[in-house]
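Participant: One file: data-v3.cif (mmCIF, N, CA and C atoms).
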```cif
data_structure
#
loop_
_atom_site.label_atom_id
_atom_site.label_comp_id
_atom_site.auth_asym_id
_atom_site.auth_seq_id
_atom_site.Cartn_x
_atom_site.Cartn_y
_atom_site.Cartn_z
N ASP A 1 -53.39 -29.61 -68.19
CA ASP A 1 -51.97 -29.74 -67.88
C ASP A 1 -51.72 -31.05 -67.16
N MET A 2 -50.58 -31.65 -67.45
CA MET A 2 -50.24 -32.93 -66.83
C MET A 2 -48.87 -32.81 -66.15
N ASN A 3 -48.75 -33.42 -65.00
CA ASN A 3 -47.49 -33.43 -64.27
C ASN A 3 -47.31 -34.81 -63.67
N LEU A 4 -46.08 -35.34 -63.72
CA LEU A 4 -45.80 -36.64 -63.09
C LEU A 4 -45.76 -36.44 -61.58
N ASN A 5 -46.62 -37.13 -60.88
CA ASN A 5 -46.75 -36.97 -59.44
C ASN A 5 -46.00 -38.04 -58.68
N GLN A 6 -46.16 -39.29 -59.09
CA GLN A 6 -45.69 -40.39 -58.25
C GLN A 6 -45.25 -41.57 -59.08
N VAL A 7 -44.25 -42.27 -58.57
CA VAL A 7 -43.83 -43.55 -59.11
C VAL A 7 -43.98 -44.56 -57.97
N THR A 8 -44.58 -45.71 -58.25
CA THR A 8 -44.73 -46.76 -57.25
C THR A 8 -43.83 -47.93 -57.61
N LEU A 9 -43.04 -48.36 -56.65
CA LEU A 9 -42.09 -49.45 -56.85
C LEU A 9 -42.53 -50.68 -56.06
N PRO A 10 -42.27 -51.88 -56.60
CA PRO A 10 -42.62 -53.09 -55.87
C PRO A 10 -41.59 -53.40 -54.79
N THR A 11 -42.06 -54.00 -53.71
CA THR A 11 -41.16 -54.47 -52.66
C THR A 11 -41.67 -55.80 -52.12
N ARG A 12 -40.76 -56.65 -51.69
CA ARG A 12 -41.12 -57.89 -51.01
C ARG A 12 -41.08 -57.72 -49.50
N ASP A 13 -40.48 -56.60 -49.03
CA ASP A 13 -40.27 -56.41 -47.59
C ASP A 13 -40.33 -54.92 -47.27
N LEU A 14 -41.50 -54.45 -46.90
CA LEU A 14 -41.71 -53.04 -46.61
C LEU A 14 -40.80 -52.55 -45.47
N ALA A 15 -40.66 -53.37 -44.44
CA ALA A 15 -39.86 -52.97 -43.27
C ALA A 15 -38.38 -52.80 -43.64
N ARG A 16 -37.90 -53.52 -44.63
CA ARG A 16 -36.52 -53.38 -45.08
C ARG A 16 -36.37 -52.21 -46.04
N ALA A 17 -37.39 -51.97 -46.87
CA ALA A 17 -37.29 -50.94 -47.90
C ALA A 17 -37.48 -49.53 -47.34
N ILE A 18 -38.34 -49.36 -46.35
CA ILE A 18 -38.62 -48.02 -45.82
C ILE A 18 -37.36 -47.32 -45.33
N PRO A 19 -36.54 -47.96 -44.48
CA PRO A 19 -35.32 -47.25 -44.03
C PRO A 19 -34.36 -46.91 -45.16
N PHE A 20 -34.33 -47.73 -46.21
CA PHE A 20 -33.48 -47.44 -47.36
C PHE A 20 -33.87 -46.10 -47.98
N TYR A 21 -35.16 -45.90 -48.23
CA TYR A 21 -35.61 -44.67 -48.86
C TYR A 21 -35.52 -43.47 -47.91
N GLN A 22 -35.66 -43.71 -46.61
CA GLN A 22 -35.44 -42.63 -45.64
C GLN A 22 -33.97 -42.22 -45.65
N THR A 23 -33.06 -43.18 -45.75
CA THR A 23 -31.63 -42.86 -45.84
C THR A 23 -31.33 -42.06 -47.10
N LEU A 24 -32.04 -42.38 -48.20
CA LEU A 24 -31.88 -41.60 -49.43
C LEU A 24 -32.25 -40.14 -49.21
N GLY A 25 -33.09 -39.87 -48.21
CA GLY A 25 -33.48 -38.51 -47.91
C GLY A 25 -34.95 -38.22 -48.16
N LEU A 26 -35.74 -39.26 -48.49
CA LEU A 26 -37.16 -39.07 -48.71
C LEU A 26 -37.91 -39.11 -47.38
N GLU A 27 -38.98 -38.34 -47.29
CA GLU A 27 -39.76 -38.25 -46.05
C GLU A 27 -40.96 -39.19 -46.12
N LEU A 28 -41.05 -40.11 -45.17
CA LEU A 28 -42.17 -41.04 -45.09
C LEU A 28 -43.43 -40.25 -44.69
N ILE A 29 -44.45 -40.26 -45.57
CA ILE A 29 -45.68 -39.50 -45.27
C ILE A 29 -46.91 -40.38 -45.14
N VAL A 30 -46.84 -41.63 -45.65
CA VAL A 30 -47.94 -42.58 -45.49
C VAL A 30 -47.32 -43.94 -45.19
N HIS A 31 -47.83 -44.60 -44.15
CA HIS A 31 -47.35 -45.94 -43.82
C HIS A 31 -48.58 -46.80 -43.52
N ALA A 32 -49.08 -47.44 -44.54
CA ALA A 32 -50.27 -48.28 -44.42
C ALA A 32 -49.82 -49.74 -44.39
N GLU A 33 -49.42 -50.18 -43.20
CA GLU A 33 -48.92 -51.56 -43.07
C GLU A 33 -50.03 -52.55 -43.35
N PRO A 34 -49.72 -53.69 -43.90
CA PRO A 34 -48.37 -54.14 -44.25
C PRO A 34 -48.03 -53.95 -45.72
N ARG A 35 -48.86 -53.21 -46.48
CA ARG A 35 -48.73 -53.27 -47.93
C ARG A 35 -48.22 -52.01 -48.63
N TYR A 36 -48.16 -50.85 -47.96
CA TYR A 36 -47.92 -49.62 -48.71
C TYR A 36 -47.22 -48.56 -47.87
N ALA A 37 -46.32 -47.83 -48.53
CA ALA A 37 -45.68 -46.66 -47.92
C ALA A 37 -45.45 -45.63 -49.01
N ARG A 38 -45.58 -44.36 -48.63
CA ARG A 38 -45.34 -43.28 -49.61
C ARG A 38 -44.41 -42.25 -49.01
N PHE A 39 -43.54 -41.72 -49.87
CA PHE A 39 -42.50 -40.77 -49.47
C PHE A 39 -42.63 -39.50 -50.28
N LEU A 40 -42.30 -38.39 -49.64
CA LEU A 40 -42.24 -37.09 -50.31
C LEU A 40 -40.78 -36.78 -50.61
N CYS A 41 -40.52 -36.39 -51.85
CA CYS A 41 -39.16 -35.96 -52.20
C CYS A 41 -38.89 -34.62 -51.52
N PRO A 42 -37.66 -34.42 -51.03
CA PRO A 42 -37.38 -33.22 -50.24
C PRO A 42 -37.41 -31.92 -51.03
N ASN A 43 -37.34 -32.00 -52.36
CA ASN A 43 -37.33 -30.79 -53.17
C ASN A 43 -38.47 -30.89 -54.18
N GLY A 44 -39.55 -30.18 -53.93
CA GLY A 44 -40.69 -30.24 -54.84
C GLY A 44 -41.85 -30.98 -54.21
N GLN A 45 -42.78 -31.43 -55.05
CA GLN A 45 -44.00 -32.07 -54.57
C GLN A 45 -44.18 -33.51 -55.08
N SER A 46 -43.18 -34.06 -55.74
CA SER A 46 -43.34 -35.42 -56.25
C SER A 46 -43.18 -36.44 -55.11
N THR A 47 -43.83 -37.59 -55.30
CA THR A 47 -43.78 -38.65 -54.31
C THR A 47 -43.33 -39.95 -54.95
N CYS A 48 -42.86 -40.84 -54.11
CA CYS A 48 -42.42 -42.17 -54.51
C CYS A 48 -43.04 -43.12 -53.49
N SER A 49 -43.61 -44.22 -53.96
CA SER A 49 -44.24 -45.14 -53.02
C SER A 49 -43.75 -46.56 -53.23
N LEU A 50 -44.00 -47.36 -52.23
CA LEU A 50 -43.66 -48.78 -52.24
C LEU A 50 -44.94 -49.57 -52.03
N HIS A 51 -45.10 -50.64 -52.81
CA HIS A 51 -46.28 -51.49 -52.69
C HIS A 51 -45.82 -52.93 -52.55
N LEU A 52 -46.31 -53.60 -51.53
CA LEU A 52 -45.92 -54.99 -51.27
C LEU A 52 -46.43 -55.90 -52.38
N VAL A 53 -45.55 -56.75 -52.89
CA VAL A 53 -45.92 -57.71 -53.94
C VAL A 53 -45.47 -59.10 -53.53
N ASP A 54 -46.11 -60.10 -54.09
CA ASP A 54 -45.70 -61.49 -53.82
C ASP A 54 -44.47 -61.86 -54.63
N GLU A 55 -44.38 -61.32 -55.85
CA GLU A 55 -43.25 -61.60 -56.72
C GLU A 55 -42.76 -60.33 -57.35
N LEU A 56 -41.44 -60.18 -57.38
CA LEU A 56 -40.85 -59.01 -58.05
C LEU A 56 -40.85 -59.23 -59.55
N PRO A 57 -40.97 -58.15 -60.33
CA PRO A 57 -40.90 -58.30 -61.79
C PRO A 57 -39.52 -58.82 -62.20
N THR A 58 -39.47 -59.49 -63.33
CA THR A 58 -38.19 -59.97 -63.85
C THR A 58 -37.77 -59.10 -65.02
N GLY A 59 -36.52 -59.23 -65.41
CA GLY A 59 -36.02 -58.44 -66.52
C GLY A 59 -35.42 -57.14 -66.04
N ASP A 60 -35.24 -56.23 -66.98
CA ASP A 60 -34.53 -54.99 -66.69
C ASP A 60 -35.30 -54.08 -65.74
N GLY A 61 -36.62 -54.05 -65.83
CA GLY A 61 -37.42 -53.28 -64.89
C GLY A 61 -37.38 -51.78 -65.13
N VAL A 62 -37.96 -51.07 -64.18
CA VAL A 62 -38.09 -49.63 -64.25
C VAL A 62 -36.84 -48.98 -63.68
N HIS A 63 -36.45 -47.85 -64.23
CA HIS A 63 -35.35 -47.05 -63.72
C HIS A 63 -35.93 -45.73 -63.23
N VAL A 64 -35.69 -45.39 -61.97
CA VAL A 64 -36.22 -44.17 -61.39
C VAL A 64 -35.06 -43.20 -61.18
N TYR A 65 -35.23 -41.98 -61.67
CA TYR A 65 -34.20 -40.95 -61.60
C TYR A 65 -34.56 -39.94 -60.52
N PHE A 66 -33.61 -39.70 -59.62
CA PHE A 66 -33.76 -38.67 -58.59
C PHE A 66 -32.75 -37.57 -58.88
N GLU A 67 -33.25 -36.36 -59.12
CA GLU A 67 -32.38 -35.22 -59.41
C GLU A 67 -31.75 -34.72 -58.13
N CYS A 68 -30.45 -34.45 -58.20
CA CYS A 68 -29.70 -34.12 -57.00
C CYS A 68 -28.57 -33.15 -57.37
N GLU A 69 -28.75 -31.88 -57.02
CA GLU A 69 -27.79 -30.86 -57.44
C GLU A 69 -26.39 -31.11 -56.89
N ASN A 70 -26.29 -31.50 -55.62
CA ASN A 70 -24.99 -31.77 -55.00
C ASN A 70 -24.70 -33.26 -55.08
N LEU A 71 -24.68 -33.78 -56.31
CA LEU A 71 -24.60 -35.22 -56.53
C LEU A 71 -23.41 -35.87 -55.85
N ASP A 72 -22.22 -35.35 -56.06
CA ASP A 72 -21.03 -36.00 -55.52
C ASP A 72 -21.05 -36.05 -53.99
N GLN A 73 -21.49 -34.96 -53.37
CA GLN A 73 -21.55 -34.93 -51.91
C GLN A 73 -22.63 -35.89 -51.40
N GLU A 74 -23.74 -35.96 -52.11
CA GLU A 74 -24.83 -36.84 -51.68
C GLU A 74 -24.41 -38.30 -51.80
N VAL A 75 -23.73 -38.65 -52.88
CA VAL A 75 -23.25 -40.03 -53.04
C VAL A 75 -22.25 -40.35 -51.93
N ALA A 76 -21.37 -39.44 -51.60
CA ALA A 76 -20.42 -39.67 -50.51
C ALA A 76 -21.16 -39.90 -49.19
N ARG A 77 -22.21 -39.11 -48.94
CA ARG A 77 -23.00 -39.28 -47.70
C ARG A 77 -23.66 -40.66 -47.67
N LEU A 78 -24.22 -41.07 -48.80
CA LEU A 78 -24.89 -42.36 -48.85
C LEU A 78 -23.90 -43.52 -48.73
N GLN A 79 -22.71 -43.37 -49.30
CA GLN A 79 -21.69 -44.40 -49.13
C GLN A 79 -21.30 -44.54 -47.66
N GLU A 80 -21.16 -43.41 -46.97
CA GLU A 80 -20.86 -43.44 -45.54
C GLU A 80 -21.97 -44.12 -44.76
N ALA A 81 -23.21 -44.03 -45.26
CA ALA A 81 -24.35 -44.68 -44.61
C ALA A 81 -24.45 -46.16 -45.00
N GLY A 82 -23.52 -46.65 -45.83
CA GLY A 82 -23.48 -48.06 -46.17
C GLY A 82 -24.10 -48.45 -47.51
N MET A 83 -24.54 -47.48 -48.29
CA MET A 83 -25.14 -47.81 -49.58
C MET A 83 -24.05 -48.13 -50.60
N LYS A 84 -24.34 -49.14 -51.42
CA LYS A 84 -23.40 -49.59 -52.45
C LYS A 84 -23.87 -49.10 -53.82
N PHE A 85 -22.96 -48.49 -54.56
CA PHE A 85 -23.25 -47.97 -55.89
C PHE A 85 -22.63 -48.86 -56.95
N SER A 86 -23.35 -49.10 -58.04
CA SER A 86 -22.78 -49.83 -59.17
C SER A 86 -22.05 -48.89 -60.12
N LEU A 87 -22.37 -47.58 -60.02
CA LEU A 87 -21.65 -46.56 -60.79
C LEU A 87 -21.55 -45.32 -59.91
N LEU A 88 -20.33 -44.89 -59.65
CA LEU A 88 -20.13 -43.65 -58.92
C LEU A 88 -20.34 -42.48 -59.87
N PRO A 89 -20.48 -41.25 -59.36
CA PRO A 89 -20.79 -40.12 -60.25
C PRO A 89 -19.88 -40.07 -61.48
N THR A 90 -20.53 -40.12 -62.63
CA THR A 90 -19.83 -40.20 -63.91
C THR A 90 -20.53 -39.29 -64.91
N ASP A 91 -19.75 -38.50 -65.64
CA ASP A 91 -20.30 -37.66 -66.70
C ASP A 91 -20.64 -38.56 -67.89
N GLN A 92 -21.90 -38.50 -68.32
CA GLN A 92 -22.38 -39.35 -69.40
C GLN A 92 -22.37 -38.59 -70.72
N PRO A 93 -22.34 -39.31 -71.86
CA PRO A 93 -22.35 -38.64 -73.17
C PRO A 93 -23.61 -37.80 -73.40
N TRP A 94 -24.70 -38.09 -72.70
CA TRP A 94 -25.94 -37.32 -72.88
C TRP A 94 -25.98 -36.11 -71.95
N LEU A 95 -24.80 -35.75 -71.38
CA LEU A 95 -24.58 -34.52 -70.62
C LEU A 95 -25.25 -34.53 -69.24
N TRP A 96 -25.49 -35.71 -68.71
CA TRP A 96 -25.96 -35.86 -67.34
C TRP A 96 -24.83 -36.48 -66.53
N ARG A 97 -24.70 -36.09 -65.28
CA ARG A 97 -23.77 -36.74 -64.34
C ARG A 97 -24.62 -37.70 -63.51
N GLU A 98 -24.27 -38.98 -63.51
CA GLU A 98 -25.11 -40.00 -62.90
C GLU A 98 -24.34 -40.89 -61.94
N ALA A 99 -25.06 -41.37 -60.92
CA ALA A 99 -24.60 -42.43 -60.04
C ALA A 99 -25.73 -43.46 -59.97
N HIS A 100 -25.38 -44.76 -60.01
CA HIS A 100 -26.38 -45.82 -60.08
C HIS A 100 -26.31 -46.70 -58.84
N LEU A 101 -27.49 -47.12 -58.36
CA LEU A 101 -27.58 -48.09 -57.28
C LEU A 101 -28.90 -48.82 -57.41
N GLN A 102 -29.08 -49.84 -56.58
CA GLN A 102 -30.33 -50.58 -56.54
C GLN A 102 -30.85 -50.56 -55.11
N ASP A 103 -32.18 -50.53 -55.00
CA ASP A 103 -32.77 -50.61 -53.67
C ASP A 103 -32.74 -52.06 -53.20
N PRO A 104 -33.20 -52.35 -51.97
CA PRO A 104 -33.11 -53.72 -51.46
C PRO A 104 -33.87 -54.75 -52.30
N ASP A 105 -34.83 -54.31 -53.12
CA ASP A 105 -35.58 -55.23 -53.97
C ASP A 105 -35.03 -55.31 -55.39
N GLY A 106 -33.93 -54.60 -55.67
CA GLY A 106 -33.33 -54.64 -56.99
C GLY A 106 -33.87 -53.61 -57.96
N ASN A 107 -34.74 -52.70 -57.51
CA ASN A 107 -35.21 -51.63 -58.38
C ASN A 107 -34.05 -50.70 -58.68
N TYR A 108 -33.93 -50.27 -59.92
CA TYR A 108 -32.82 -49.44 -60.36
C TYR A 108 -33.08 -47.97 -60.05
N LEU A 109 -32.14 -47.34 -59.37
CA LEU A 109 -32.23 -45.93 -59.04
C LEU A 109 -31.03 -45.21 -59.62
N ILE A 110 -31.28 -44.06 -60.21
CA ILE A 110 -30.21 -43.23 -60.74
C ILE A 110 -30.31 -41.88 -60.06
N LEU A 111 -29.25 -41.49 -59.37
CA LEU A 111 -29.14 -40.15 -58.83
C LEU A 111 -28.38 -39.36 -59.88
N PHE A 112 -28.87 -38.17 -60.22
CA PHE A 112 -28.23 -37.46 -61.33
C PHE A 112 -28.32 -35.95 -61.12
N TRP A 113 -27.46 -35.27 -61.87
CA TRP A 113 -27.57 -33.83 -62.03
C TRP A 113 -27.31 -33.52 -63.49
N ALA A 114 -28.21 -32.74 -64.10
CA ALA A 114 -28.06 -32.39 -65.51
C ALA A 114 -28.15 -30.89 -65.74
N GLY A 115 -28.55 -30.14 -64.73
CA GLY A 115 -28.69 -28.70 -64.91
C GLY A 115 -29.60 -28.38 -66.08
N GLU A 116 -29.18 -27.44 -66.89
CA GLU A 116 -29.96 -26.98 -68.04
C GLU A 116 -30.21 -28.11 -69.05
N ASN A 117 -29.28 -29.09 -69.10
CA ASN A 117 -29.40 -30.16 -70.09
C ASN A 117 -30.49 -31.17 -69.77
N ARG A 118 -31.09 -31.08 -68.57
CA ARG A 118 -32.18 -32.01 -68.24
C ARG A 118 -33.36 -31.78 -69.19
N LEU A 119 -33.74 -30.54 -69.39
CA LEU A 119 -34.87 -30.23 -70.27
C LEU A 119 -34.46 -29.63 -71.61
N ASN A 120 -33.26 -29.10 -71.68
CA ASN A 120 -32.84 -28.41 -72.90
C ASN A 120 -31.48 -28.88 -73.39
N PRO A 121 -31.36 -30.18 -73.73
CA PRO A 121 -30.08 -30.62 -74.30
C PRO A 121 -29.91 -30.02 -75.69
N PRO A 122 -28.69 -29.99 -76.19
CA PRO A 122 -28.45 -29.42 -77.52
C PRO A 122 -29.29 -30.09 -78.62
N TRP A 123 -29.72 -31.33 -78.42
CA TRP A 123 -30.47 -32.07 -79.44
C TRP A 123 -31.98 -32.07 -79.17
N ARG A 124 -32.45 -31.18 -78.31
CA ARG A 124 -33.89 -31.11 -78.02
C ARG A 124 -34.66 -30.83 -79.32
N LEU A 125 -35.79 -31.51 -79.48
CA LEU A 125 -36.65 -31.31 -80.64
C LEU A 125 -37.30 -29.93 -80.57
N PRO A 126 -37.56 -29.34 -81.73
CA PRO A 126 -38.25 -28.05 -81.72
C PRO A 126 -39.69 -28.22 -81.24
N PRO A 127 -40.30 -27.16 -80.74
CA PRO A 127 -41.70 -27.27 -80.33
C PRO A 127 -42.59 -27.58 -81.53
N PRO A 128 -43.70 -28.28 -81.30
CA PRO A 128 -44.57 -28.63 -82.43
C PRO A 128 -45.18 -27.37 -83.05
N ALA A 129 -45.29 -27.41 -84.35
CA ALA A 129 -45.92 -26.29 -85.07
C ALA A 129 -47.43 -26.39 -84.91
N HIS A 130 -48.08 -25.26 -84.73
CA HIS A 130 -49.54 -25.28 -84.53
C HIS A 130 -50.23 -24.79 -85.75
#
```
Any chance you could put this one into structure tokens?
Facilitator:
Amino acid sequence: DMNLNQVTLPTRDLARAIPFYQTLGLELIVHAEPRYARFLCPNGQSTCSLHLVDELPTGDGVHVYFECENLDQEVARLQEAGMKFSLLPTDQPWLWREAHLQDPDGNYLILFWAGENRLNPPWRLPPPAH
């Protein structure tokens, strides 16, 4: 069995990035200065980490999705904390409600709620035949 455990994002400034992810609501569980920090998501066992890099990747980069049942309230809380969103909660054609922002290093983050449509959209492929 396989399960996605962790996503590691690049940062140029660990001291600036850590408070951002704590404000998002992630719990700092490892702080190995000056190069690494790891956070536990508040719901479940997945983790997200930051690794110090000399240069950030260019181009579109990775998009990290954080599932959030009370999306609208959470976005309002984060706006009050000073976070800027490029897209406020919006119902998407793929049946997810999403809000978009970037962390201090420009990594793309999507806060979303999809409910049943996260794993079982109407267009889900049938299970493989054995």
Participant: At a cut-off of 12 Å, can you tabulate as JSON lines every residue of region 64-106 of chain A near region 36-56 of chain A together with its closest atom pair and the distance in Å to one decimal, using only C-alpha atoms and ordering rows by chain then number?
Facilitator:
```
{"residue": "A:Val64", "atom": "CA", "partner": "A:Cys48", "partner_atom": "CA", "distance": 9.5}
{"residue": "A:Tyr65", "atom": "CA", "partner": "A:Cys48", "partner_atom": "CA", "distance": 10.9}
{"residue": "A:Phe66", "atom": "CA", "partner": "A:Cys41", "partner_atom": "CA", "distance": 8.8}
{"residue": "A:Glu67", "atom": "CA", "partner": "A:Asn43", "partner_atom": "CA", "distance": 9.1}
{"residue": "A:Cys68", "atom": "CA", "partner": "A:Asn43", "partner_atom": "CA", "distance": 9.2}
{"residue": "A:Glu69", "atom": "CA", "partner": "A:Asn43", "partner_atom": "CA", "distance": 10.5}
{"residue": "A:Asp103", "atom": "CA", "partner": "A:Leu50", "partner_atom": "CA", "distance": 11.1}
{"residue": "A:Pro104", "atom": "CA", "partner": "A:Leu56", "partner_atom": "CA", "distance": 11.5}
{"residue": "A:Asp105", "atom": "CA", "partner": "A:Leu56", "partner_atom": "CA", "distance": 7.7}
{"residue": "A:Gly106", "atom": "CA", "partner": "A:Leu56", "partner_atom": "CA", "distance": 8.8}
```
Participant: Within 6 Å of region 89-100 of chain A, counting all atoms listed in the file, which residues show up once you throw out same-chain ones fewer than 4 positions away? Write them as a list in words, please.
Facilitator: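 Contacts, with the query itself left out: Phe85, Leu109, Ile110, Leu111, Phe112, Trp113 and Ala114 of chain A.
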Participant: Please compute the CA of Gln73 (chain A)-CA of Leu87 (chain A) distance, one decimal, in Å.
Facilitator: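 So the two atoms, CA of Gln73 (chain A) and CA of Leu87 (chain A), lie 14.6 Å apart.
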Participant: I need the residues of region 42-108 of chain A that end up classed as alpha helix (DSSP H) by DSSP on the backbone, written out as a list in words.
Facilitator: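 Secondary structure check on region 42-108 of chain A, alpha helix (DSSP H): Leu71, Asp72, Gln73, Glu74, Val75, Ala76, Arg77, Leu78, Gln79 and Glu80 of chain A.
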Participant: What is the distance between atom N of Gly25 (chain A) and atom C of Gly61 (chain A), in Å to one decimal?
Facilitator: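 These two atoms are separated by 21.1 Å.
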